[in-house]
Amino acid sequence: MTEVLAVAVITVLAVIAPGADFAMVVRNSYLHGRRTGLLGALGVAAGVLVHVTYTMLGVGLLIASSAFLFTVVKLVGAAYLVYIGVRTFRTRSEVTVDLEYSTELSPLAALRTGFLTNVLNPKTTLFVVSTFAQVVRPGTPVLQQVGYGLFMSLAHLLWFGVVAVFFSHDRMRTLMLRGQRILNKVIGSVLAGLGVSLAFAPSH
């Protein structure tokens with residue numbers, strides 16, 4: 001239950017923190033309509049599955065080959081969560097969304113844009129690796145790990161689907177961007193606290 005809760009909290013915080021995926025979905029929804037935004041959200045969710053797949057394989061190999069290296073990755077991952085938490089808390093800048101230049105997007109192009117925005121984002125890589133390193137243990141069943149990965153992907157799909165539906169409207173987009181600073185402080189505080197607590201959690 002502790003593992004599940006940790007995955008849920010970290011994933012939700014990572015998803016709602018405004019970043020490249022958020023900016024892309026908002027922009028495409030605003031310029032091209034909800035369908036384009038929803039396809040972008042689907043592409044983001046597919047990108048997350050790529051990160052999850054190679055992370056599961058890598059963490060599995062570490063557990064099987066070296067308990068020491070796995071512990072090192074776990075501690076580095078916890079440190080990264082603390083680092084991101086502090087940076088998120090202290091950030092003063094807002095995510096900017098370019099709404100001036102528009103090129104037509106086909107459904108396939110919208111899906112591809114969402115996929116590439118996520119899969120090429122190193123922050124997503126680090127978040128997924130850090131999360132798995134904290135919650136996956138030598139005895140964690142593979143099906144449970146797959147469940148974690150599917151939850152991460154589904155959370156991205158649902159959140160960015162909501163973004164596409166509601167923030168295609170100028171007024172709603174403005175309200176969300178105004179609330180960024182408060183949101184960043186809340187997310188930053190919780191992530192930093194989680195990173196510290198997970199670093200000292202037992203590995204077995």
# chains A, B, ... in the order shown; residues from 1 in each chain; ligands from 1

$ residues_around --residues "Arg112 (chain A)" --least-positions-apart "3" --cutoff "8 Å" --atoms "only C-alpha atoms" --output "VMD selection string"
chain A and resid 40 43 108 to 109 115 to 116

$ closest_atom_pairs --of "region 24-128 of chain A" --to "region 151-168 of chain A" --cutoff "9 Å" --atoms "only C-alpha atoms" --output "Markdown table"
| residue | atom | partner | partner_atom | distance |
| --- | --- | --- | --- | --- |
| A:Val25 | CA | A:Ala164 | CA | 6.2 |
| A:Val26 | CA | A:Phe167 | CA | 6.2 |
| A:Arg27 | CA | A:Ser168 | CA | 8.0 |
| A:Asn28 | CA | A:Ser168 | CA | 8.1 |
| A:Ser29 | CA | A:Ser168 | CA | 4.7 |
| A:Tyr30 | CA | A:Ser168 | CA | 4.3 |
| A:Leu31 | CA | A:Ser168 | CA | 7.8 |
| A:His32 | CA | A:Ser168 | CA | 8.7 |
| A:Gly33 | CA | A:Ser168 | CA | 6.5 |
| A:Arg34 | CA | A:Ala164 | CA | 5.5 |
| A:Arg35 | CA | A:Ala164 | CA | 7.9 |
| A:Thr36 | CA | A:Ala164 | CA | 8.1 |
| A:Gly37 | CA | A:Ala164 | CA | 4.7 |
| A:Leu38 | CA | A:Gly161 | CA | 5.4 |
| A:Leu39 | CA | A:Gly161 | CA | 8.6 |
| A:Gly40 | CA | A:Phe160 | CA | 8.2 |
| A:Ala41 | CA | A:Phe160 | CA | 5.1 |
| A:Leu42 | CA | A:Leu157 | CA | 5.8 |
| A:Gly43 | CA | A:Leu157 | CA | 8.4 |
| A:Val44 | CA | A:His156 | CA | 6.9 |
| A:Ala45 | CA | A:Ser153 | CA | 4.7 |
| A:Ala46 | CA | A:Ser153 | CA | 6.9 |
| A:Gly47 | CA | A:Ser153 | CA | 8.2 |
| A:Val48 | CA | A:Ser153 | CA | 5.5 |
| A:Leu49 | CA | A:Ser153 | CA | 6.1 |
| A:Val52 | CA | A:Met152 | CA | 8.4 |
| A:Val128 | CA | A:Met152 | CA | 8.6 |

$ closest_residue --among "A:Ile10, A:Val146, A:Leu62, A:Val129" --to "Gly188 (chain A)" --atoms "only C-alpha atoms"
A:Ile10

$ closest_residue --among "A:Ile84, A:Val9, A:Leu105, A:Val135" --to "Lys123 (chain A)" --atoms "only C-alpha atoms"
A:Ile84

$ atom_distance --atom1 "CA of Tyr80 (chain A)" --atom2 "CA of Leu143 (chain A)"
26.3 Å

$ atom_distance --atom1 "CA of Asn121 (chain A)" --atom2 "CA of Thr11 (chain A)"
15.6 Å

$ select_by_dssp --residues "chain A" --states "alpha helix (DSSP H)" --output "PyMOL selection string"
chain A and resi 2-16+20-32+34-65+67-90+107-119+122-135+142-166+170-178+180-199

$ closest_residue --among "A:Val72, A:Met56, A:Leu126, A:Ile16" --to "Val142 (chain A)" --atoms "only C-alpha atoms"
A:Met56

$ closest_residue --among "A:Gly85, A:Gly58, A:Gly114, A:Pro141" --to "Ile187 (chain A)" --atoms "only C-alpha atoms"
A:Gly85

$ atom_distance --atom1 "CA of Gln144 (chain A)" --atom2 "CA of Leu194 (chain A)"
21.0 Å

$ residues_around --residues "Lys185 (chain A)" --least-positions-apart "5" --cutoff "9 Å" --atoms "only C-alpha atoms" --output "list in words"
Gly85, Val86, Thr88, Phe89, Arg90, Thr91, Gln180 and Val190 of chain A
